[in-house]
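K.L.:
Here it is, the structure, as structure tokens.
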Amino acid sequence: MFPWTDGFHWTPTHIIFLSLFGAALLAILSTAVWGLWNTLNAFRKHLAAATCWRQNFGELPATERRCRHELAGRVPSRLCDHAFDCRTCPNYEKLAALPANAPASLAGVSYSDDLLYHRGHTWVRSDWDGTFAVGLDPFAQHLVGSPDAVQLPEICEEVESEGVAWTMVKNGHKIRVRAPLAGTVISTGGPDRDFYLKILPHGQPNLRHLLKGPEVAGWLAAEVVRLQMQMSNGKTTLADGGTLMPDLMDNEPGADWDAVLESTFIDR
């Protein structure tokens, strides 16, 4: 049946068979090559996002690398040396078992016990269908207010943990919002919805790197102090009663927003 076999003679049947065989073989090889290319491309993107994030983390000042257990009041002082990835910390279980003593939530910003929070000021919600909704937390919303433009990823696009989830523009400033987890984007929202992205993770995600409970209050208290120090040159961040002022970027256009946004969204 094949040209290299003894006694082979070309006939119309042979030509048809070999044409179909060659087409099937080409399809199989093309599929294999395409799958390998996508796998390598995804690996490169993941590696690039992880490398970029670790470089950004290394540039953070010590005051912005405080361990979640310090924020929760479990230990008096501790810096994170795992790029905020508690999944790789060998001391996590031991420290998490200590009693928490975090400060009360400050600045009139309400945080939910049903959500998890990323230090780049996004929240994560587990939904019934196995997807995770992601949105901007109240602190970031107070700063940015209503963005002038939002660029969301395409449906079915992959996002990497600590990579760029979406971008916003406000008063000429480009804001890159970090993804709190990796996965495939299956739905997009925006400022007028209760979420920005819905992500389908690859398998069961480990979300131990996200903040919850008393850690959130300690983190927020530190963020408010940081914001006040960055805007201390005559700027006002807290209104009467100690609540964080809304629409700060509109109300204080002369502030050093490049520095504030870099710290808030961990984007250096």
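By convention here, the chains of the structure tokens are called A, B, ... in the order presented, each chain's residues are numbered starting at 1, and ligands are numbered starting at 1 in the order presented.
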Counting only C-alpha atoms, what is within 10 Å of A:Ala133, bar same-chain residues fewer than 3 positions away, as a list in words?
P.N.:
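Final neighbour list, sorted by chain and number: Leu115, Trp123, Val124, Arg125, Ser126, Asp127, Gly130, Val185, Ser187, Thr188, Gly189, Asp194, Phe195, Tyr196, Leu197, Lys198, Ile199 and Leu200 of chain A.
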K.L.:
Using only C-alpha atoms, determine which residues lie at most 9 Å from stretch 253-257 of chain A, disregarding the query and same-chain residues fewer than 2 positions distant; provide the list as a list in words.
P.N.:
Asn171, His173, Gln230, Met231, Asn233, Lys235, Leu248, Met249, Asp250, Asn251, Ala259, Val260, Leu261 and Glu262 of chain A
K.L.:
Considering only helix (DSSP H, G or I) as DSSP defines it on the backbone, what residues of stretch 47-265 of chain A qualify? List them as a PyMOL selection string.
P.N.:
chain A and resi 47-58+62-64+68-71+86-88+92-96+138-144+214-230+248-251+257-264
K.L.:
Could you save the residues just selected, with C-alpha atoms, as a compact mmCIF listing (two decimals), in the first residue's frame?
P.N.:
```
# COMPACT_ATOMS: atom_id res chain seq x y z
CA LEU A 47 8.29 32.96 33.95
CA ALA A 48 8.40 36.57 32.72
CA ALA A 49 5.60 37.63 35.09
CA ALA A 50 7.24 35.90 38.05
CA THR A 51 10.67 37.39 37.27
CA CYS A 52 9.24 40.89 36.84
CA TRP A 53 7.27 40.63 40.09
CA ARG A 54 10.30 39.50 42.11
CA GLN A 55 12.30 42.40 40.70
CA ASN A 56 9.50 44.81 41.67
CA PHE A 57 9.30 43.27 45.14
CA GLY A 58 13.03 43.69 45.63
CA ALA A 62 11.17 47.81 54.07
CA THR A 63 8.06 49.60 55.31
CA GLU A 64 6.10 48.12 52.39
CA ARG A 68 1.11 39.57 57.04
CA HIS A 69 1.64 38.20 60.57
CA GLU A 70 3.04 41.54 61.71
CA LEU A 71 0.02 43.26 60.17
CA CYS A 86 2.97 32.80 51.65
CA ARG A 87 2.61 29.50 49.80
CA THR A 88 6.42 29.19 49.83
CA TYR A 92 3.47 30.21 57.71
CA GLU A 93 1.59 27.50 59.65
CA LYS A 94 3.46 28.20 62.88
CA LEU A 95 2.93 31.95 62.70
CA ALA A 96 -0.69 31.70 61.58
CA PRO A 138 -12.39 50.43 48.66
CA PHE A 139 -9.01 52.03 49.38
CA ALA A 140 -8.13 52.06 45.67
CA GLN A 141 -11.61 53.27 44.78
CA HIS A 142 -11.24 56.22 47.17
CA LEU A 143 -7.97 57.17 45.49
CA VAL A 144 -8.94 56.73 41.85
CA PRO A 214 -7.28 40.73 61.17
CA GLU A 215 -4.46 40.94 58.62
CA VAL A 216 -6.63 43.24 56.49
CA ALA A 217 -7.15 45.78 59.29
CA GLY A 218 -3.43 45.95 60.07
CA TRP A 219 -2.56 46.27 56.38
CA LEU A 220 -5.13 49.02 55.86
CA ALA A 221 -3.84 50.93 58.90
CA ALA A 222 -0.31 50.81 57.47
CA GLU A 223 -1.57 51.90 54.05
CA VAL A 224 -3.38 54.91 55.49
CA VAL A 225 -0.21 55.96 57.35
CA ARG A 226 1.82 55.53 54.18
CA LEU A 227 -0.67 57.59 52.15
CA GLN A 228 -0.67 60.40 54.72
CA MET A 229 3.12 60.55 54.72
CA GLN A 230 3.26 60.64 50.90
CA LEU A 248 -8.60 61.93 45.99
CA MET A 249 -7.02 62.13 42.54
CA ASP A 250 -9.63 64.67 41.49
CA ASN A 251 -9.64 66.61 44.77
CA TRP A 257 0.44 60.76 42.24
CA ASP A 258 3.20 58.85 40.46
CA ALA A 259 4.69 57.94 43.85
CA VAL A 260 1.31 57.27 45.47
CA LEU A 261 0.10 55.02 42.67
CA GLU A 262 3.40 53.11 42.51
CA SER A 263 3.10 52.27 46.20
CA THR A 264 -0.62 51.55 46.16
```
K.L.:
To one decimal in Å, tell me the separation between atom CA of A:Pro201 and atom CA of A:Ala165.
P.N.:
13.6 Å
K.L.:
To test your reading of the structure, identify every residue in stretch 150-267 of chain A that backbone DSSP assigns to strand (DSSP E), and report it as a ChimeraX atom specification.
P.N.:
/A:150-151,158-159,164-170,173-178,183-188,197-200
K.L.:
Between atom CA of A:Arg178 and atom CA of A:Tyr111, what is the distance in Å, rounded to a tenth?
P.N.:
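These two atoms are separated by 19.1 Å.
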K.L.:
Just give me the gap between atom CA of A:Ser112 and atom CA of A:Pro99 in Å, one decimal is fine.
P.N.:
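Atom-to-atom, atom CA of A:Ser112 and atom CA of A:Pro99 are spaced 20.4 Å apart.
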K.L.:
List as a list in words the protein and nucleic acid residues near A:Leu210, meaning an atom at most 6 Å away when only C-alpha atoms are counted, but skip any in the same chain fewer than 4 places from it.
P.N.:
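So the residues in contact are Leu116, Tyr117 and His118 of chain A.
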K.L.:
Atoms to include: C-alpha atoms. Write the selected residues as a JSON list (two decimals), in the first residue's frame.
P.N.:
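Done, and the output landed in result04.json:
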```json
[["chain", "number", "residue", "atom", "x", "y", "z"],
["A", 116, "LEU", "CA", -9.75, 37.96, 50.24],
["A", 117, "TYR", "CA", -7.46, 40.91, 49.53],
["A", 118, "HIS", "CA", -4.30, 41.30, 47.49]]
```
